[in-house]
Structure formats: structure tokens, C-alpha cells
$ cat protein31.txt   # compact mmCIF, C-alpha atoms and all ligand atoms
# COMPACT_ATOMS: atom_id res chain seq x y z
CA MET N 1 78.85 93.18 81.42
CA ASN N 2 80.62 96.28 80.20
CA TYR N 3 83.59 95.74 78.00
CA ILE N 4 85.64 97.72 75.55
CA SER N 5 85.38 96.52 72.02
CA ASN N 6 88.26 97.07 69.64
CA THR N 7 88.54 95.79 66.14
CA ALA N 8 91.79 94.07 65.18
CA SER N 9 92.77 96.97 62.94
CA GLU N 10 92.22 99.53 65.73
CA THR N 11 94.54 97.49 67.95
CA ALA N 12 97.17 97.26 65.23
CA SER N 13 97.17 101.01 64.62
CA ASN N 14 97.45 101.95 68.29
CA ALA N 15 100.85 103.61 68.83
CA VAL N 16 101.39 102.20 72.33
CA ILE N 17 100.58 98.68 71.22
CA GLU N 18 102.80 99.10 68.18
CA THR N 19 105.65 100.12 70.52
CA ILE N 20 105.10 97.05 72.68
CA LEU N 21 104.83 94.66 69.75
CA SER N 22 107.84 96.00 67.88
CA ARG N 23 110.33 95.95 70.78
CA SER N 24 113.08 93.39 70.77
CA ALA N 25 116.14 92.81 72.92
CA ALA N 26 118.97 94.84 71.40
CA LYS N 27 122.40 93.26 71.32
CA TYR N 28 124.14 95.75 69.04
CA PHE N 29 124.27 99.40 70.00
CA ASP N 30 125.71 102.47 68.30
CA THR N 31 129.02 102.75 70.14
CA ASN N 32 129.32 106.47 69.40
CA ALA N 33 125.92 107.41 70.73
CA VAL N 34 125.57 109.41 73.90
CA LEU N 35 122.46 110.16 75.93
CA SER N 36 122.52 113.42 77.85
CA ASP N 37 121.98 113.39 81.60
CA ASP N 38 118.63 115.09 80.93
CA GLN N 39 117.59 112.33 78.51
CA ILE N 40 118.59 109.73 81.12
CA ARG N 41 116.68 111.61 83.84
CA ASP N 42 113.65 111.70 81.58
CA LEU N 43 113.72 107.93 81.06
CA VAL N 44 113.92 107.35 84.82
CA ARG N 45 111.16 109.89 85.46
CA ILE N 46 108.95 107.92 83.09
CA GLY N 47 110.08 104.65 84.69
CA THR N 48 109.06 105.89 88.13
CA SER N 49 105.53 106.51 86.89
CA ALA N 50 105.11 102.72 87.08
CA PRO N 51 102.93 101.49 89.94
CA THR N 52 104.36 100.11 93.20
CA SER N 53 102.66 98.33 96.06
CA PHE N 54 101.30 100.86 98.62
CA HIS N 55 103.10 103.49 96.53
CA LEU N 56 106.36 102.33 98.17
CA GLN N 57 108.54 103.41 95.22
CA ASN N 58 111.13 101.02 96.59
CA TRP N 59 113.61 101.45 93.79
CA ARG N 60 116.75 103.27 92.76
CA PHE N 61 118.58 103.59 89.46
CA ILE N 62 122.28 104.01 88.73
CA ALA N 63 123.02 105.24 85.21
CA VAL N 64 126.35 103.76 84.14
CA ARG N 65 127.35 105.91 81.18
CA THR N 66 130.97 107.04 81.46
CA PRO N 67 133.78 104.87 80.03
CA GLU N 68 135.18 104.57 83.57
CA ALA N 69 131.91 103.37 85.07
CA LYS N 70 131.29 101.00 82.15
CA ALA N 71 134.77 99.54 82.69
CA ARG N 72 133.82 98.83 86.32
CA LEU N 73 130.56 97.14 85.37
CA HIS N 74 131.68 95.18 82.30
CA PRO N 75 133.88 92.55 84.04
CA ILE N 76 131.20 91.82 86.65
CA ALA N 77 128.45 91.55 84.04
CA TRP N 78 129.73 88.52 82.18
CA LYS N 79 131.81 90.89 80.02
CA GLN N 80 128.71 91.46 77.90
CA PRO N 81 129.76 93.79 75.08
CA ALA N 82 126.49 95.73 75.27
CA ILE N 83 127.61 97.22 78.59
CA LEU N 84 130.50 98.96 76.81
CA ASP N 85 128.56 99.64 73.62
CA ALA N 86 125.22 101.00 74.85
CA ALA N 87 124.93 104.69 75.67
CA VAL N 88 123.81 103.80 79.19
CA THR N 89 123.28 100.74 81.34
CA PHE N 90 121.00 101.19 84.31
CA VAL N 91 121.62 99.21 87.45
CA ILE N 92 118.00 98.74 88.48
CA ILE N 93 117.85 98.48 92.23
CA GLY N 94 114.93 97.17 94.26
CA GLN N 95 114.73 98.03 97.94
CA LEU N 96 113.29 95.53 100.44
CA ALA N 97 109.71 96.61 101.12
CA ASP N 98 109.61 98.62 104.34
CA ALA N 99 106.13 99.56 105.57
CA SER N 100 107.53 102.30 107.80
CA THR N 101 108.18 104.34 104.63
CA VAL N 102 104.46 104.42 103.74
CA PRO N 103 103.57 107.70 105.56
CA ALA N 104 106.46 109.54 103.91
CA ARG N 105 105.59 108.13 100.50
CA LEU N 106 101.94 109.13 100.89
CA ALA N 107 102.60 112.62 102.25
CA PRO N 108 102.88 114.17 98.75
CA VAL N 109 99.71 112.32 97.74
CA VAL N 110 97.83 113.91 100.65
CA GLU N 111 99.49 117.25 99.88
CA ALA N 112 98.27 117.03 96.30
CA GLY N 113 94.71 116.53 97.53
CA ILE N 114 94.48 113.07 96.03
CA MET N 115 94.21 111.13 99.28
CA PRO N 116 92.62 112.26 102.54
CA ALA N 117 95.15 112.22 105.41
CA HIS N 118 93.03 109.88 107.54
CA LEU N 119 93.59 107.08 105.04
CA VAL N 120 97.36 107.00 105.55
CA PRO N 121 97.25 104.70 108.60
CA GLU N 122 94.77 102.55 106.72
CA TRP N 123 97.47 101.96 104.12
CA GLU N 124 100.33 101.59 106.57
CA ALA N 125 98.60 98.91 108.69
CA PRO N 126 98.07 96.37 105.89
CA ALA N 127 101.54 97.13 104.54
CA ARG N 128 102.94 96.28 107.98
CA SER N 129 100.94 93.08 108.17
CA LEU N 130 102.17 92.11 104.74
CA TYR N 131 105.88 92.94 105.03
CA ASP N 132 106.98 93.28 108.68
CA ASN N 133 109.20 90.31 109.55
CA GLN N 134 108.48 88.78 106.14
CA PRO N 135 111.83 88.77 104.33
CA GLN N 136 110.60 86.78 101.34
CA ARG N 137 107.72 89.19 100.72
CA GLN N 138 110.00 92.18 101.22
CA ARG N 139 112.31 90.79 98.58
CA ASP N 140 109.52 89.79 96.21
CA GLU N 141 108.25 93.38 96.34
CA ALA N 142 111.73 94.75 95.63
CA VAL N 143 111.89 92.59 92.52
CA ARG N 144 108.32 93.42 91.46
CA SER N 145 108.78 97.17 91.80
CA ALA N 146 112.10 97.19 90.01
CA THR N 147 110.65 95.08 87.21
CA PHE N 148 107.68 97.39 86.65
CA GLY N 149 110.03 100.37 86.55
CA THR N 150 112.29 98.59 84.11
CA ALA N 151 109.38 97.72 81.83
CA ALA N 152 108.24 101.33 81.71
CA ILE N 153 111.75 102.47 80.76
CA ILE N 154 112.01 99.76 78.09
CA TYR N 155 108.83 100.88 76.33
CA ALA N 156 109.56 104.57 76.77
CA ALA N 157 112.96 103.95 75.18
CA ARG N 158 111.38 102.03 72.32
CA SER N 159 108.91 104.82 71.65
CA LEU N 160 111.85 107.23 71.45
CA GLY N 161 113.60 104.98 68.93
CA LEU N 162 116.11 103.59 71.42
CA GLY N 163 117.00 99.93 71.84
CA SER N 164 117.22 98.20 75.19
CA THR N 165 117.92 94.87 76.83
CA PRO N 166 117.17 93.79 80.38
CA MET N 167 120.03 91.67 81.71
CA ILE N 168 120.39 89.17 84.48
CA GLY N 169 123.86 88.09 83.32
CA PHE N 170 125.87 89.75 86.09
CA ASP N 171 127.42 88.93 89.46
CA ALA N 172 124.89 90.38 91.90
CA GLU N 173 127.28 90.37 94.88
CA ALA N 174 129.99 92.10 92.89
CA VAL N 175 127.58 94.73 91.54
CA HIS N 176 126.26 95.30 95.06
CA ARG N 177 129.79 95.89 96.33
CA GLU N 178 131.19 97.83 93.36
CA PHE N 179 128.30 100.29 93.18
CA GLY N 180 127.86 100.73 96.91
CA LEU N 181 124.36 99.37 97.32
CA ALA N 182 122.86 99.50 100.80
CA GLU N 183 122.08 96.45 102.90
CA ASP N 184 118.39 96.55 101.96
CA GLU N 185 119.07 96.97 98.23
CA ILE N 186 119.08 94.30 95.53
CA PRO N 187 120.50 94.75 92.04
CA VAL N 188 117.44 93.31 90.32
CA MET N 189 118.47 93.82 86.72
CA LEU N 190 120.76 95.69 84.40
CA LEU N 191 119.11 97.54 81.53
CA THR N 192 121.13 98.69 78.57
CA VAL N 193 119.58 101.55 76.60
CA GLY N 194 120.74 103.48 73.56
CA PRO N 195 120.51 103.97 69.83
CA GLU N 196 120.98 100.64 68.07
CA ARG N 197 123.30 99.68 65.27
CA SER N 198 122.23 97.22 62.58
CA GLY N 199 122.11 93.48 63.09
CA ASN N 200 119.65 93.13 65.94
CA TRP N 201 117.11 90.36 65.70
CA PRO N 202 113.43 91.22 65.53
CA GLN N 203 111.21 90.15 68.39
CA LYS N 204 111.19 86.36 68.71
CA PRO N 205 107.97 84.38 68.30
CA ARG N 206 106.11 83.80 71.57
CA LEU N 207 104.27 80.77 72.88
CA PRO N 208 100.73 80.70 71.51
CA VAL N 209 98.23 82.51 73.69
CA ALA N 210 96.28 79.26 73.94
CA ASP N 211 99.28 77.73 75.76
CA VAL N 212 99.59 80.49 78.34
CA LEU N 213 96.04 81.73 78.89
CA SER N 214 93.26 80.00 80.72
CA PHE N 215 89.90 81.50 81.52
CA ALA N 216 88.34 81.12 84.92
C1 LIG N 301 115.06 89.07 83.20
C2 LIG N 301 115.76 89.06 81.87
C3 LIG N 301 117.12 88.85 81.83
C4 LIG N 301 117.81 88.87 80.61
N1 LIG N 301 119.18 88.77 80.62
C5 LIG N 301 119.85 88.94 79.46
C6 LIG N 301 121.28 89.01 79.46
O1 LIG N 301 121.94 88.94 80.51
N2 LIG N 301 121.90 89.19 78.28
C7 LIG N 301 121.21 89.29 77.11
O2 LIG N 301 121.85 89.46 76.05
N3 LIG N 301 119.86 89.25 77.06
C8 LIG N 301 119.18 89.09 78.22
N4 LIG N 301 117.79 89.08 78.21
C9 LIG N 301 117.07 89.22 76.94
C10 LIG N 301 116.31 87.94 76.56
O3 LIG N 301 117.21 86.95 76.10
C11 LIG N 301 115.30 88.30 75.47
O4 LIG N 301 114.39 89.23 75.99
C12 LIG N 301 114.55 87.06 74.99
O5 LIG N 301 115.43 86.20 74.30
C13 LIG N 301 113.40 87.43 74.07
O6 LIG N 301 113.88 88.23 73.03
P1 LIG N 301 112.98 89.41 72.44
O7 LIG N 301 112.46 90.12 73.63
O8 LIG N 301 113.91 90.21 71.57
O9 LIG N 301 111.92 88.77 71.61
C14 LIG N 301 117.11 89.05 79.40
C15 LIG N 301 115.71 89.26 79.46
C16 LIG N 301 115.06 89.28 80.67
C17 LIG N 301 113.57 89.56 80.71
$ encode --input "protein31.txt" --output "C-alpha cells" --more "lines below"
Ligand SMILES: Cc1cc2nc3c(=O)[nH]c(=O)nc-3n(C[C@H](O)[C@H](O)[C@H](O)COP(=O)(O)O)c2cc1C
Amino acid sequence: MNYISNTASETASNAVIETILSRSAAKYFDTNAVLSDDQIRDLVRIGTSAPTSFHLQNWRFIAVRTPEAKARLHPIAWKQPAILDAAVTFVIIGQLADASTVPARLAPVVEAGIMPAHLVPEWEAPARSLYDNQPQRQRDEAVRSATFGTAAIIYAARSLGLGSTPMIGFDAEAVHREFGLAEDEIPVMLLTVGPERSGNWPQKPRLPVADVLSFA
């Protein structure tokens, strides 16, 4: 068997792992901090490098960052202060998986010379068998994709010294209506991002690995 061997100290000094291990959910944000539209675009660009099933990229992001937009979101997000305080709160939107989008999503991959064109139908067919007339799977994929994208933004933010918190404390129907989501779109999560102010807790202890890992 081939495997990669790392000593404990190599793992501890790895910058990516350090970013993952040091992240915590930020409650208190610097209320004066602003992220530029370019900084916000950059975070979403990094977020969209996350993988999606069949390369569907079935997601969309609304950056709520003006006082007016925050005032619209705050009352329908359990009046969580972080919505007003954080530089930006993303409405992370998952789109129901739609296999008919596969050829369009793969076109740039073929164009880039990564995938031969003849493979496109070989991706679309299994996608159709998986998702066509399968509302639960379509929805599961919306949530999965949005969650991967969110995770990538969270760790990118952390590596840039920004705090973040994913949030499920909001009225999904109200957010859907207020921010004009389409019929096939689900507000999967909110994600506050911005420079922190003091007082945030460090990362909480996790269940022991022995409790959550089994080998097969
Ligand atoms: C899906 C999800 C939804 C969450 N919703 C909220 C929320 O609405 N408000 C909040 O303050 N924190 C929320 N959190 C943050 C969790 O409470 C936090 O991640 C957890 O307590 C562990 O804390 P830590 O990551 O700082 O160790 C949410 C986290 C996740 C993953």
C-alpha cells in the first residue's frame, strides 16, 4: 500500500491545517470594517473552486453588505447582531440539481482541453439518471454544493485573518422572498464574514476521533 507519512510536527506546522484548526465561529465583528467589492468577489471566486457533483456549480451568492441590505436581512435572520456587525453576510444559495445544465457547465472544460468533447454525454447520462424526477436528490445536491462552497470561503477568510460564522438561524421562506430567489433556489445558509473584534470564543472541543471514526 502506498501512503503519505507525516510526522505530527509536520502536520502542526502546515499552514492550511493551522488555518483549519484555528478557525472558530465568530460572534463579534468589527462594526467599522468594510470589505471592498473586489475582496468579496475574491472570496466567492475562491469559494467556487470547491468541487460540485458533475461540475454542476449549482450555487449562487448574494453579498449583503450595505446598511440597507443588512436591515432587510436582520429581522428575518433571528435579529442576529452579527448580520448588522459583520462586513458582509453571504446568502449562500443552492440550486436544485438539473442535469440539463451539464453540457453548458462542461463546455469550458472541453474548451480548456481538459476533457474530450465525446465524454460530455457520458457525464450527462448518469447525471440524468441520478437527478431527473428525483426532487430529494436534487435538493440534497443543492445543499451539498452550497456547503462545500461555504466551507471554502470560511477557510479562505480565516487564512486572510477574517472571522466567519455559518448560520442557519433565519426564516428560509422570508429570505427566499426578500432576496428574490428563483423557484429552484434554496437559501442553504447565511455566512457572516469580516474582521473580528475581541471577545470571540476559541474553537470548541470536538468529540474524540475514536467516537466518530470507524475503520472498515
Ligand atoms: C450549519 C450551521 C449553522 C449554524 N448556525 C448558527 C447561527 O444561526 N448562529 C450562530 O451564532 N452560530 C451558528 N453556527 C455556529 C455553530 O454554533 C458553531 O460552529 C459551533 O458551536 C462550533 O463552534 P466552533 O466552530 O467555533 O468551534 C452554525 C454552524 C453551522 C455549521
$ closest_atom_pairs --input "protein31.txt" --of "segment 15-104 of chain N" --to "segment 177-196 of chain N" --cutoff "12 Å" --atoms "all atoms listed in the file" --output "CSV"
residue,atom,partner,partner_atom,distance
N:Arg23,CA,N:Glu196,CA,11.9
N:Ser24,CA,N:Glu196,CA,11.1
N:Ala25,CA,N:Thr192,CA,9.6
N:Ala26,CA,N:Glu196,CA,7.0
N:Lys27,CA,N:Glu196,CA,8.2
N:Tyr28,CA,N:Glu196,CA,5.9
N:Phe29,CA,N:Glu196,CA,4.0
N:Asp30,CA,N:Glu196,CA,5.1
N:Thr31,CA,N:Glu196,CA,8.6
N:Asn32,CA,N:Pro195,CA,9.2
N:Ala33,CA,N:Pro195,CA,6.5
N:Val34,CA,N:Gly194,CA,7.7
N:Leu35,CA,N:Gly194,CA,7.3
N:Ser36,CA,N:Gly194,CA,11.0
N:Gln39,CA,N:Gly194,CA,10.6
N:Ile40,CA,N:Val193,CA,9.4
N:Leu43,CA,N:Val193,CA,9.7
N:Val44,CA,N:Val193,CA,11.5
N:Gly47,CA,N:Leu191,CA,11.9
N:Asn58,CA,N:Glu185,CA,9.1
N:Trp59,CA,N:Glu185,CA,8.3
N:Arg60,CA,N:Glu185,CA,8.7
N:Phe61,CA,N:Pro187,CA,9.4
N:Ile62,CA,N:Phe179,CA,8.4
N:Ala63,CA,N:Leu191,CA,9.4
N:Val64,CA,N:Thr192,CA,9.2
N:Arg65,CA,N:Thr192,CA,9.9
N:Ala69,CA,N:Phe179,CA,9.4
N:Lys70,CA,N:Thr192,CA,11.0
N:Ala71,CA,N:Glu178,CA,11.4
N:Arg72,CA,N:Glu178,CA,7.6
N:Leu73,CA,N:Glu178,CA,8.0
N:His74,CA,N:Leu190,CA,11.1
N:Pro75,CA,N:Glu178,CA,11.0
N:Ile76,CA,N:Glu178,CA,9.0
N:Ala77,CA,N:Leu190,CA,8.7
N:Trp78,CA,N:Leu190,CA,11.7
N:Gln80,CA,N:Thr192,CA,10.5
N:Pro81,CA,N:Thr192,CA,10.5
N:Ala82,CA,N:Thr192,CA,7.0
N:Ile83,CA,N:Thr192,CA,6.6
N:Leu84,CA,N:Thr192,CA,9.5
N:Asp85,CA,N:Gly194,CA,8.7
N:Ala86,CA,N:Gly194,CA,5.3
N:Ala87,CA,N:Gly194,CA,4.8
N:Val88,CA,N:Val193,CA,5.4
N:Thr89,CA,N:Thr192,CA,4.1
N:Phe90,CA,N:Leu191,CA,5.0
N:Val91,CA,N:Leu190,CA,4.7
N:Ile92,CA,N:Met189,CA,5.2
N:Ile93,CA,N:Pro187,CA,4.6
N:Gly94,CA,N:Ile186,CA,5.2
N:Gln95,CA,N:Glu185,CA,4.5
N:Leu96,CA,N:Asp184,CA,5.4
N:Ala97,CA,N:Asp184,CA,8.7
N:Asp98,CA,N:Asp184,CA,9.3
$ residues_near_point --input "protein31.txt" --point "(107.1, 93.5, 91.6)" --cutoff "12 Å" --atoms "all atoms listed in the file" --output "number ranges by chain"
N: 50-59, 93-97, 137-151, 188
$ closest_residue --input "protein31.txt" --among "N:Leu160, N:Ala112, N:Ala107, N:Ala172" --to "ligand LIG 301 (chain N)" --atoms "only C-alpha atoms and all ligand atoms"
N:Ala172
$ closest_residue --input "protein31.txt" --among "N:Arg41, N:Arg158, N:Arg128, N:Lys204" --to "ligand LIG 301 (chain N)" --atoms "only C-alpha atoms and all ligand atoms"
N:Lys204
$ atom_distance --input "protein31.txt" --atom1 "atom C13 of ligand LIG 301 (chain N)" --atom2 "atom CA of Gln203 of chain N"
6.7 Å
$ atom_distance --input "protein31.txt" --atom1 "atom CA of Gly161 of chain N" --atom2 "atom CA of Arg206 of chain N"
22.6 Å
$ closest_residue --input "protein31.txt" --among "N:Ala125, N:Met167, N:Pro208, N:Ser159" --to "Ala15 of chain N" --atoms "all atoms listed in the file"
N:Ser159
$ closest_residue --input "protein31.txt" --among "N:Lys79, N:Trp123, N:Ser49, N:Ala117" --to "Gly169 of chain N" --atoms "all atoms listed in the file"
N:Lys79
$ closest_residue --input "protein31.txt" --among "N:Arg197, N:Asp171, N:Val212, N:Asp37" --to "ligand LIG 301 (chain N)" --atoms "only C-alpha atoms and all ligand atoms"
N:Asp171
$ atom_distance --input "protein31.txt" --atom1 "atom CA of Gly163 of chain N" --atom2 "atom O7 of ligand LIG 301 (chain N)"
11.0 Å
$ closest_residue --input "protein31.txt" --among "N:Glu173, N:Asp211, N:Ala152, N:Val109" --to "Arg45 of chain N" --atoms "all atoms listed in the file"
N:Ala152
$ decode --input "protein31.txt" --residues "segment 63-76 of chain N" --atoms "all heavy atoms" --output "short mmCIF file (atom, residue, chain, number, x, y, z; two decimals), in the first residue's frame"
data_model
loop_
_atom_site.label_atom_id
_atom_site.label_comp_id
_atom_site.auth_asym_id
_atom_site.auth_seq_id
_atom_site.Cartn_x
_atom_site.Cartn_y
_atom_site.Cartn_z
N ALA N 63 -24.13 38.94 -1.65
CA ALA N 63 -23.30 39.59 -0.63
C ALA N 63 -24.10 40.74 -0.04
O ALA N 63 -24.29 41.77 -0.69
CB ALA N 63 -22.00 40.09 -1.25
N VAL N 64 -24.55 40.56 1.18
CA VAL N 64 -25.34 41.58 1.87
C VAL N 64 -24.36 42.44 2.64
O VAL N 64 -23.79 41.99 3.65
CB VAL N 64 -26.37 40.91 2.80
CG1 VAL N 64 -27.11 41.94 3.64
CG2 VAL N 64 -27.35 40.06 1.99
N ARG N 65 -24.10 43.66 2.15
CA ARG N 65 -23.04 44.45 2.80
C ARG N 65 -23.38 45.92 2.99
O ARG N 65 -22.65 46.61 3.69
CB ARG N 65 -21.69 44.25 2.10
CG ARG N 65 -21.34 45.13 0.92
CD ARG N 65 -22.10 44.84 -0.29
NE ARG N 65 -21.52 45.55 -1.45
CZ ARG N 65 -22.25 46.15 -2.36
NH1 ARG N 65 -23.57 46.15 -2.26
NH2 ARG N 65 -21.69 46.73 -3.40
N THR N 66 -24.48 46.39 2.42
CA THR N 66 -24.86 47.78 2.68
C THR N 66 -25.75 47.83 3.91
O THR N 66 -26.43 46.85 4.23
CB THR N 66 -25.63 48.38 1.49
OG1 THR N 66 -26.86 47.66 1.34
CG2 THR N 66 -24.83 48.31 0.19
N PRO N 67 -25.79 48.99 4.60
CA PRO N 67 -26.70 49.09 5.77
C PRO N 67 -28.15 48.78 5.38
O PRO N 67 -28.88 48.14 6.15
CB PRO N 67 -26.54 50.56 6.21
CG PRO N 67 -25.20 50.97 5.70
CD PRO N 67 -24.97 50.20 4.43
N GLU N 68 -28.55 49.19 4.18
CA GLU N 68 -29.93 48.96 3.74
C GLU N 68 -30.20 47.46 3.59
O GLU N 68 -31.23 46.95 4.04
CB GLU N 68 -30.21 49.67 2.41
CG GLU N 68 -30.14 51.19 2.46
CD GLU N 68 -28.71 51.74 2.57
OE1 GLU N 68 -27.75 51.03 2.16
OE2 GLU N 68 -28.55 52.86 3.09
N ALA N 69 -29.28 46.78 2.94
CA ALA N 69 -29.49 45.33 2.72
C ALA N 69 -29.41 44.57 4.05
O ALA N 69 -30.18 43.63 4.28
CB ALA N 69 -28.45 44.81 1.73
N LYS N 70 -28.49 45.00 4.93
CA LYS N 70 -28.40 44.34 6.24
C LYS N 70 -29.70 44.53 7.01
O LYS N 70 -30.17 43.61 7.70
CB LYS N 70 -27.23 44.93 7.04
CG LYS N 70 -25.86 44.53 6.52
CD LYS N 70 -24.78 45.21 7.35
CE LYS N 70 -23.39 44.86 6.91
NZ LYS N 70 -22.36 45.51 7.73
N ALA N 71 -30.30 45.72 6.89
CA ALA N 71 -31.55 46.00 7.60
C ALA N 71 -32.69 45.14 7.06
O ALA N 71 -33.66 44.88 7.77
CB ALA N 71 -31.89 47.49 7.49
N ARG N 72 -32.60 44.71 5.80
CA ARG N 72 -33.62 43.81 5.25
C ARG N 72 -33.41 42.38 5.75
O ARG N 72 -34.37 41.64 5.98
CB ARG N 72 -33.56 43.82 3.71
CG ARG N 72 -34.16 45.07 3.09
CD ARG N 72 -33.73 45.22 1.62
NE ARG N 72 -34.09 44.08 0.82
CZ ARG N 72 -33.40 43.68 -0.26
NH1 ARG N 72 -32.33 44.34 -0.66
NH2 ARG N 72 -33.81 42.63 -0.95
N LEU N 73 -32.15 42.00 5.93
CA LEU N 73 -31.86 40.62 6.31
C LEU N 73 -32.02 40.39 7.82
O LEU N 73 -32.52 39.34 8.25
CB LEU N 73 -30.43 40.25 5.87
CG LEU N 73 -29.98 38.82 6.14
CD1 LEU N 73 -30.91 37.80 5.47
CD2 LEU N 73 -28.54 38.60 5.66
N HIS N 74 -31.60 41.39 8.60
CA HIS N 74 -31.54 41.23 10.05
C HIS N 74 -32.85 40.73 10.68
O HIS N 74 -32.85 39.73 11.41
CB HIS N 74 -31.08 42.57 10.66
CG HIS N 74 -30.95 42.56 12.14
ND1 HIS N 74 -31.79 43.30 12.96
CD2 HIS N 74 -30.10 41.91 12.96
CE1 HIS N 74 -31.44 43.10 14.22
NE2 HIS N 74 -30.42 42.28 14.25
N PRO N 75 -34.00 41.35 10.37
CA PRO N 75 -35.23 40.89 11.04
C PRO N 75 -35.67 39.49 10.63
O PRO N 75 -36.40 38.84 11.38
CB PRO N 75 -36.28 41.93 10.61
CG PRO N 75 -35.70 42.65 9.45
CD PRO N 75 -34.22 42.53 9.53
N ILE N 76 -35.22 39.02 9.48
CA ILE N 76 -35.63 37.66 9.04
C ILE N 76 -34.51 36.65 9.29
O ILE N 76 -34.57 35.52 8.81
CB ILE N 76 -36.08 37.66 7.56
CG1 ILE N 76 -35.01 38.25 6.63
CG2 ILE N 76 -37.40 38.40 7.41
CD1 ILE N 76 -35.39 38.21 5.15
#
